[in-house]
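A.B. asks: The structure file query.txt (compact mmCIF, N, CA and C atoms) is provided below.
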# COMPACT_ATOMS: atom_id res chain seq x y z
N MET B 1 78.98 67.98 70.19
CA MET B 1 77.83 68.15 69.32
C MET B 1 78.27 68.56 67.91
N ARG B 2 79.26 69.43 67.87
CA ARG B 2 79.73 69.87 66.55
C ARG B 2 80.37 68.71 65.79
N THR B 3 81.06 67.87 66.53
CA THR B 3 81.69 66.72 65.88
C THR B 3 80.65 65.77 65.31
N LEU B 4 79.58 65.58 66.05
CA LEU B 4 78.51 64.71 65.57
C LEU B 4 77.87 65.25 64.30
N ILE B 5 77.64 66.53 64.27
CA ILE B 5 77.05 67.15 63.07
C ILE B 5 78.02 67.03 61.88
N ALA B 6 79.31 67.27 62.14
CA ALA B 6 80.29 67.16 61.05
C ALA B 6 80.36 65.73 60.52
N LEU B 7 80.31 64.73 61.41
CA LEU B 7 80.34 63.34 60.95
C LEU B 7 79.08 62.99 60.15
N CYS B 8 77.93 63.48 60.57
CA CYS B 8 76.69 63.20 59.83
C CYS B 8 76.73 63.82 58.44
N LEU B 9 77.22 65.07 58.36
CA LEU B 9 77.29 65.71 57.04
C LEU B 9 78.32 65.01 56.14
N LEU B 10 79.42 64.57 56.73
CA LEU B 10 80.42 63.84 55.95
C LEU B 10 79.85 62.53 55.43
N ALA B 11 79.07 61.84 56.26
CA ALA B 11 78.44 60.59 55.83
C ALA B 11 77.44 60.85 54.72
N VAL B 12 76.71 61.93 54.80
CA VAL B 12 75.74 62.25 53.74
C VAL B 12 76.47 62.54 52.43
N MET B 13 77.61 63.27 52.53
CA MET B 13 78.35 63.58 51.30
C MET B 13 78.94 62.31 50.67
N VAL B 14 79.49 61.46 51.52
CA VAL B 14 80.12 60.25 50.98
C VAL B 14 79.07 59.29 50.44
N LEU B 15 77.99 59.09 51.21
CA LEU B 15 76.96 58.17 50.76
C LEU B 15 76.01 58.79 49.75
N GLY B 16 76.02 60.10 49.64
CA GLY B 16 75.12 60.76 48.68
C GLY B 16 75.61 60.67 47.25
N LEU B 17 76.91 60.55 47.06
CA LEU B 17 77.46 60.49 45.70
C LEU B 17 77.03 59.22 44.96
N PRO B 18 77.11 58.03 45.56
CA PRO B 18 76.69 56.84 44.81
C PRO B 18 75.18 56.78 44.58
N THR B 19 74.40 57.48 45.37
CA THR B 19 72.94 57.40 45.21
C THR B 19 72.41 58.45 44.26
N ALA B 20 73.26 59.22 43.63
CA ALA B 20 72.80 60.26 42.71
C ALA B 20 72.21 59.61 41.47
N PRO B 21 71.22 60.22 40.89
CA PRO B 21 70.63 59.65 39.68
C PRO B 21 71.66 59.59 38.52
N ALA B 22 71.54 58.61 37.71
CA ALA B 22 72.49 58.38 36.61
C ALA B 22 72.37 59.45 35.53
N GLU B 23 71.17 59.97 35.32
CA GLU B 23 71.00 60.95 34.23
C GLU B 23 71.56 62.32 34.57
N SER B 24 71.95 62.54 35.86
CA SER B 24 72.49 63.86 36.20
C SER B 24 73.92 64.01 35.71
N GLY B 25 74.56 62.90 35.46
CA GLY B 25 75.90 62.96 34.88
C GLY B 25 76.95 63.38 35.87
N GLY B 26 76.74 63.15 37.16
CA GLY B 26 77.74 63.49 38.17
C GLY B 26 77.66 64.93 38.65
N LYS B 27 76.77 65.69 38.10
CA LYS B 27 76.64 67.08 38.52
C LYS B 27 76.03 67.20 39.92
N PHE B 28 75.24 66.20 40.25
CA PHE B 28 74.60 66.24 41.57
C PHE B 28 75.64 66.16 42.69
N GLY B 29 76.57 65.25 42.54
CA GLY B 29 77.59 65.07 43.58
C GLY B 29 78.50 66.27 43.71
N VAL B 30 78.85 66.87 42.60
CA VAL B 30 79.73 68.03 42.63
C VAL B 30 79.03 69.21 43.28
N GLY B 31 77.79 69.43 42.92
CA GLY B 31 77.02 70.53 43.52
C GLY B 31 76.79 70.31 45.01
N PHE B 32 76.50 69.05 45.36
CA PHE B 32 76.27 68.72 46.77
C PHE B 32 77.54 68.93 47.60
N ALA B 33 78.66 68.49 47.08
CA ALA B 33 79.94 68.63 47.78
C ALA B 33 80.33 70.10 47.89
N THR B 34 80.10 70.86 46.83
CA THR B 34 80.42 72.29 46.87
C THR B 34 79.56 73.01 47.90
N GLY B 35 78.29 72.69 47.96
CA GLY B 35 77.39 73.31 48.95
C GLY B 35 77.78 72.95 50.37
N ALA B 36 78.12 71.66 50.58
CA ALA B 36 78.51 71.23 51.93
C ALA B 36 79.81 71.90 52.34
N ALA B 37 80.76 72.00 51.45
CA ALA B 37 82.02 72.66 51.78
C ALA B 37 81.80 74.14 52.08
N THR B 38 80.92 74.77 51.33
CA THR B 38 80.61 76.18 51.58
C THR B 38 79.97 76.36 52.95
N ILE B 39 79.07 75.47 53.32
CA ILE B 39 78.42 75.56 54.63
C ILE B 39 79.45 75.38 55.74
N PHE B 40 80.35 74.39 55.60
CA PHE B 40 81.40 74.18 56.61
C PHE B 40 82.29 75.41 56.73
N PHE B 41 82.69 75.95 55.61
CA PHE B 41 83.58 77.10 55.61
C PHE B 41 82.92 78.31 56.26
N LEU B 42 81.70 78.62 55.86
CA LEU B 42 81.00 79.78 56.44
C LEU B 42 80.68 79.57 57.91
N HIS B 43 80.40 78.34 58.27
CA HIS B 43 80.10 78.06 59.67
C HIS B 43 81.32 78.30 60.56
N HIS B 44 82.48 77.88 60.11
CA HIS B 44 83.69 78.07 60.92
C HIS B 44 84.15 79.51 60.92
N ILE B 45 83.84 80.26 59.89
CA ILE B 45 84.21 81.67 59.89
C ILE B 45 83.27 82.47 60.79
N SER B 46 81.98 82.20 60.69
CA SER B 46 81.01 83.01 61.44
C SER B 46 80.88 82.58 62.90
N HIS B 47 81.27 81.35 63.23
CA HIS B 47 81.17 80.87 64.61
C HIS B 47 82.54 80.41 65.08
N PRO B 48 83.31 81.30 65.64
CA PRO B 48 84.64 80.89 66.10
C PRO B 48 84.53 79.95 67.30
N HIS B 49 85.52 79.11 67.42
CA HIS B 49 85.53 78.16 68.53
C HIS B 49 85.87 78.89 69.83
N VAL B 50 85.09 78.68 70.82
CA VAL B 50 85.32 79.29 72.12
C VAL B 50 85.56 78.17 73.12
N HIS B 51 86.68 78.24 73.78
CA HIS B 51 87.01 77.23 74.78
C HIS B 51 86.94 77.89 76.14
N TYR B 52 86.14 77.32 76.97
CA TYR B 52 86.01 77.84 78.33
C TYR B 52 86.88 77.00 79.27
N HIS B 53 87.60 77.67 80.10
CA HIS B 53 88.42 76.96 81.07
C HIS B 53 87.54 76.49 82.22
N ALA B 54 87.98 75.45 82.85
CA ALA B 54 87.23 74.93 83.99
C ALA B 54 87.27 75.97 85.11
N VAL B 55 86.17 76.09 85.76
CA VAL B 55 86.08 77.05 86.85
C VAL B 55 86.84 76.48 88.04
N PRO B 56 87.81 77.24 88.55
CA PRO B 56 88.56 76.72 89.69
C PRO B 56 87.67 76.64 90.92
N TYR B 57 87.95 75.65 91.74
CA TYR B 57 87.16 75.46 92.95
C TYR B 57 87.83 76.22 94.08
N TYR B 58 87.13 77.16 94.60
CA TYR B 58 87.61 77.91 95.75
C TYR B 58 86.62 77.72 96.88
N ARG B 59 87.15 77.64 98.05
CA ARG B 59 86.26 77.58 99.21
C ARG B 59 85.81 79.00 99.49
N VAL B 60 84.54 79.20 99.49
CA VAL B 60 83.99 80.53 99.66
C VAL B 60 83.42 80.65 101.07
N TYR B 61 83.87 81.66 101.75
CA TYR B 61 83.35 81.93 103.09
C TYR B 61 82.46 83.16 103.01
N TYR B 62 81.22 82.98 103.37
CA TYR B 62 80.29 84.09 103.32
C TYR B 62 80.26 84.77 104.68
N ALA B 63 80.25 86.06 104.66
CA ALA B 63 80.15 86.81 105.90
C ALA B 63 78.72 86.70 106.42
N PRO B 64 78.54 86.70 107.71
CA PRO B 64 77.18 86.64 108.23
C PRO B 64 76.42 87.90 107.84
N PRO B 65 75.12 87.79 107.69
CA PRO B 65 74.36 88.97 107.27
C PRO B 65 74.44 90.05 108.35
N PRO B 66 74.37 91.30 107.93
CA PRO B 66 74.45 92.38 108.92
C PRO B 66 73.21 92.37 109.82
N VAL B 67 73.43 92.77 111.03
CA VAL B 67 72.34 92.84 112.00
C VAL B 67 72.00 94.30 112.18
N TYR B 68 70.75 94.62 111.97
CA TYR B 68 70.30 95.99 112.09
C TYR B 68 69.56 96.17 113.40
N TYR B 69 69.87 97.25 114.08
CA TYR B 69 69.21 97.57 115.33
C TYR B 69 68.45 98.89 115.15
N TYR B 70 67.33 98.97 115.81
CA TYR B 70 66.59 100.22 115.78
C TYR B 70 67.33 101.27 116.61
N ALA B 71 67.21 102.51 116.21
CA ALA B 71 67.83 103.57 116.98
C ALA B 71 67.15 103.64 118.34
N PRO B 72 67.91 103.88 119.39
CA PRO B 72 67.29 103.92 120.71
C PRO B 72 66.30 105.08 120.81
N GLN B 73 65.17 104.76 121.35
CA GLN B 73 64.12 105.77 121.53
C GLN B 73 64.38 106.52 122.83
N PRO B 74 64.01 107.80 122.86
CA PRO B 74 64.18 108.51 124.12
C PRO B 74 63.26 107.91 125.19
N VAL B 75 63.79 107.78 126.37
CA VAL B 75 63.05 107.16 127.46
C VAL B 75 62.78 108.22 128.52
N TYR B 76 61.55 108.26 128.96
CA TYR B 76 61.17 109.22 129.99
C TYR B 76 61.14 108.49 131.32
N TYR B 77 61.90 108.98 132.25
CA TYR B 77 61.89 108.44 133.60
C TYR B 77 61.15 109.40 134.50
N ALA B 78 60.07 108.93 135.07
CA ALA B 78 59.30 109.78 135.98
C ALA B 78 60.12 110.00 137.25
N PRO B 79 59.98 111.16 137.83
CA PRO B 79 60.71 111.40 139.07
C PRO B 79 60.23 110.46 140.17
N ALA B 80 61.12 110.17 141.07
CA ALA B 80 60.77 109.29 142.17
C ALA B 80 59.66 109.94 143.00
N PRO B 81 58.74 109.12 143.46
CA PRO B 81 57.67 109.71 144.27
C PRO B 81 58.23 110.33 145.54
N SER B 82 57.67 111.46 145.87
CA SER B 82 58.11 112.14 147.10
C SER B 82 56.99 112.02 148.12
N CYS B 83 56.99 110.91 148.78
CA CYS B 83 55.95 110.67 149.77
C CYS B 83 56.32 111.37 151.09
N ARG B 84 55.30 111.78 151.81
CA ARG B 84 55.52 112.40 153.11
C ARG B 84 54.38 112.00 154.03
N SER B 85 54.66 112.08 155.27
CA SER B 85 53.64 111.74 156.27
C SER B 85 52.94 113.00 156.73
N VAL B 86 51.63 112.92 156.83
CA VAL B 86 50.80 114.07 157.22
C VAL B 86 49.91 113.65 158.39
N TRP B 87 49.79 114.54 159.36
CA TRP B 87 48.90 114.29 160.50
C TRP B 87 47.48 114.68 160.10
N VAL B 88 46.54 113.73 160.26
CA VAL B 88 45.14 113.99 159.97
C VAL B 88 44.43 114.13 161.31
N GLU B 89 43.76 115.28 161.50
CA GLU B 89 43.05 115.54 162.76
C GLU B 89 41.87 114.59 162.91
N GLY B 90 41.52 114.32 164.13
CA GLY B 90 40.36 113.49 164.40
C GLY B 90 39.09 114.21 164.00
N VAL B 91 38.06 113.46 163.58
CA VAL B 91 36.80 114.06 163.13
C VAL B 91 35.62 113.22 163.63
N TRP B 92 34.48 113.89 163.62
CA TRP B 92 33.24 113.18 163.86
C TRP B 92 32.63 112.86 162.49
N ARG B 93 32.12 111.63 162.34
CA ARG B 93 31.45 111.28 161.09
C ARG B 93 30.13 110.60 161.42
N GLU B 94 29.21 110.68 160.45
CA GLU B 94 27.90 110.06 160.64
C GLU B 94 27.91 108.68 160.02
N VAL B 95 27.44 107.70 160.81
CA VAL B 95 27.44 106.31 160.40
C VAL B 95 25.99 105.83 160.37
N PRO B 96 25.52 105.26 159.23
CA PRO B 96 24.14 104.76 159.20
C PRO B 96 24.03 103.43 159.92
N ARG B 97 22.90 103.26 160.66
CA ARG B 97 22.64 101.99 161.32
C ARG B 97 21.19 101.63 161.04
N ASP B 98 20.99 100.36 160.70
CA ASP B 98 19.64 99.88 160.39
C ASP B 98 18.87 99.67 161.69
N GLN B 99 17.66 100.26 161.77
CA GLN B 99 16.83 100.15 162.97
C GLN B 99 15.82 99.02 162.87
N GLY B 100 15.77 98.38 161.73
CA GLY B 100 14.80 97.32 161.53
C GLY B 100 13.52 97.90 160.96
N GLY B 101 12.79 97.11 160.24
CA GLY B 101 11.53 97.56 159.65
C GLY B 101 11.72 98.58 158.55
N GLY B 102 12.90 98.64 157.97
CA GLY B 102 13.14 99.55 156.86
C GLY B 102 13.55 100.94 157.31
N PHE B 103 13.82 101.15 158.60
CA PHE B 103 14.21 102.47 159.10
C PHE B 103 15.71 102.51 159.31
N THR B 104 16.33 103.64 158.93
CA THR B 104 17.76 103.84 159.11
C THR B 104 17.96 105.07 159.97
N ALA B 105 18.82 104.92 160.97
CA ALA B 105 19.14 106.05 161.83
C ALA B 105 20.62 106.35 161.68
N TYR B 106 21.02 107.60 161.85
CA TYR B 106 22.42 108.02 161.71
C TYR B 106 22.93 108.41 163.09
N TYR B 107 24.08 107.87 163.43
CA TYR B 107 24.75 108.17 164.70
C TYR B 107 26.09 108.78 164.40
N ARG B 108 26.56 109.59 165.33
CA ARG B 108 27.87 110.22 165.18
C ARG B 108 28.90 109.34 165.84
N GLU B 109 30.06 109.22 165.12
CA GLU B 109 31.14 108.38 165.61
C GLU B 109 32.43 109.18 165.53
N TRP B 110 33.29 109.06 166.54
CA TRP B 110 34.56 109.80 166.58
C TRP B 110 35.65 108.97 165.92
N VAL B 111 36.36 109.57 164.96
CA VAL B 111 37.52 108.95 164.31
C VAL B 111 38.73 109.70 164.84
N PRO B 112 39.61 109.01 165.59
CA PRO B 112 40.76 109.71 166.17
C PRO B 112 41.78 110.12 165.11
N GLY B 113 42.61 111.11 165.44
CA GLY B 113 43.66 111.58 164.54
C GLY B 113 44.70 110.50 164.30
N HIS B 114 45.37 110.58 163.14
CA HIS B 114 46.35 109.57 162.79
C HIS B 114 47.32 110.15 161.73
N TRP B 115 48.46 109.45 161.57
CA TRP B 115 49.40 109.83 160.53
C TRP B 115 49.05 109.10 159.25
N GLN B 116 49.10 109.85 158.14
CA GLN B 116 48.77 109.26 156.84
C GLN B 116 49.88 109.60 155.85
N SER B 117 50.29 108.62 154.99
CA SER B 117 51.31 108.83 153.97
C SER B 117 50.65 109.40 152.71
N VAL B 118 51.19 110.52 152.21
CA VAL B 118 50.63 111.19 151.04
C VAL B 118 51.70 111.21 149.96
N CYS B 119 51.38 110.64 148.76
CA CYS B 119 52.30 110.64 147.62
C CYS B 119 51.62 111.35 146.46
N PRO B 120 52.09 112.56 146.08
CA PRO B 120 51.42 113.29 144.98
C PRO B 120 51.65 112.66 143.63
Could you spell out this file's structure in structure tokens?

C.D. replies:
Amino acid sequence: MRTLIALCLLAVMVLGLPTAPAESGGKFGVGFATGAATIFFLHHISHPHVHYHAVPYYRVYYAPPPVYYYAPQPVYYAPAPSCRSVWVEGVWREVPRDQGGGFTAYYREWVPGHWQSVCP
């Protein structure tokens, strides 16, 4: 890009001299050339050339992202059930029986004793 600008300004300076008006007496070309030279000089002083080296190609291996785990929560284990067998005595209980016509009568029935498992 800088080369293109320099070539354009050089073309303007070279082609600008013959197109100067005749009554200026050549002062136009001298002033134009002096201004262009001053711009070139100041431009090169204020903007030093910077050359960047090509970036070397390296194969980059990325580490896998870290895996985060939640801290283990305290776990409550209930004690094992302590079941036991208990003897239940036989009892008499009242059992309702329908007599018909909307009447209910209660009779006593014997429930024999048995072993029952109890888990608190």

A.B. asks: Using only N, CA and C atoms, which of the listed residues (B:Ile39, B:Pro81, B:Gly90, B:Asp98) sits closest to Cys119 (chain B)?

C.D. replies: B:Pro81

A.B. asks: If you measure from CA of Ala11 (chain B) to atom N of Ser46 (chain B), what distance in Å do you get, rounded to one decimal?

C.D. replies: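 Atom-to-atom, CA of Ala11 (chain B) and atom N of Ser46 (chain B) are spaced 22.4 Å apart.
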
A.B. asks: As an exercise, work out the distance from CA of His43 (chain B) to CA of Gly31 (chain B) in Å and give it to one decimal place.

C.D. replies: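 So the two atoms, CA of His43 (chain B) and CA of Gly31 (chain B), lie 18.1 Å apart.
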
A.B. asks: Which region 4-103 of chain B residues have any atom within 5 Å of an atom of region 110-113 of chain B, and for each, what is the nearest pair of atoms with distance in Å to one decimal, counting all atoms listed in the file, rows sorted by chain and number, as a Markdown table?

C.D. replies:
| residue | atom | partner | partner_atom | distance |
| --- | --- | --- | --- | --- |
| B:Val88 | C | B:Gly113 | CA | 4.2 |
| B:Glu89 | C | B:Gly113 | CA | 3.9 |
| B:Gly90 | CA | B:Gly113 | N | 3.4 |
| B:Val91 | C | B:Val111 | N | 4.0 |
| B:Trp92 | CA | B:Trp110 | CA | 4.5 |

A.B. asks: Cys83 (chain B): which residues within 10 Å, counting only C-alpha atoms, same-chain residues fewer than 4 positions away excluded, as a PDB file with N, CA and C atoms, in the frame of the given file?

C.D. replies:
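The resulting file, out_17.pdb, is reproduced below:
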ATOM      1  N   SER B 117      50.290 108.620 154.990  1.00  0.00           N
ATOM      2  CA  SER B 117      51.310 108.830 153.970  1.00  0.00           C
ATOM      3  C   SER B 117      50.650 109.400 152.710  1.00  0.00           C
ATOM      4  N   VAL B 118      51.190 110.520 152.210  1.00  0.00           N
ATOM      5  CA  VAL B 118      50.630 111.190 151.040  1.00  0.00           C
ATOM      6  C   VAL B 118      51.700 111.210 149.960  1.00  0.00           C
ATOM      7  N   CYS B 119      51.380 110.640 148.760  1.00  0.00           N
ATOM      8  CA  CYS B 119      52.300 110.640 147.620  1.00  0.00           C
ATOM      9  C   CYS B 119      51.620 111.350 146.460  1.00  0.00           C
ATOM     10  N   PRO B 120      52.090 112.560 146.080  1.00  0.00           N
ATOM     11  CA  PRO B 120      51.420 113.290 144.980  1.00  0.00           C
ATOM     12  C   PRO B 120      51.650 112.660 143.630  1.00  0.00           C
TER      13      PRO B 120
END

A.B. asks: Would you compute the distance between CA of Ala37 (chain B) and CA of Thr3 (chain B)? Give it in Å to one decimal.

C.D. replies: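 A separation of 15.3 Å between them.
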
A.B. asks: For Gln116 (chain B), list every protein, DNA or RNA residue within 6 Å, evaluated using all atoms listed in the file, and leave out those in the same chain fewer than 6 positions away; present the list as a PyMOL selection string.

C.D. replies: chain B and resi 84-88
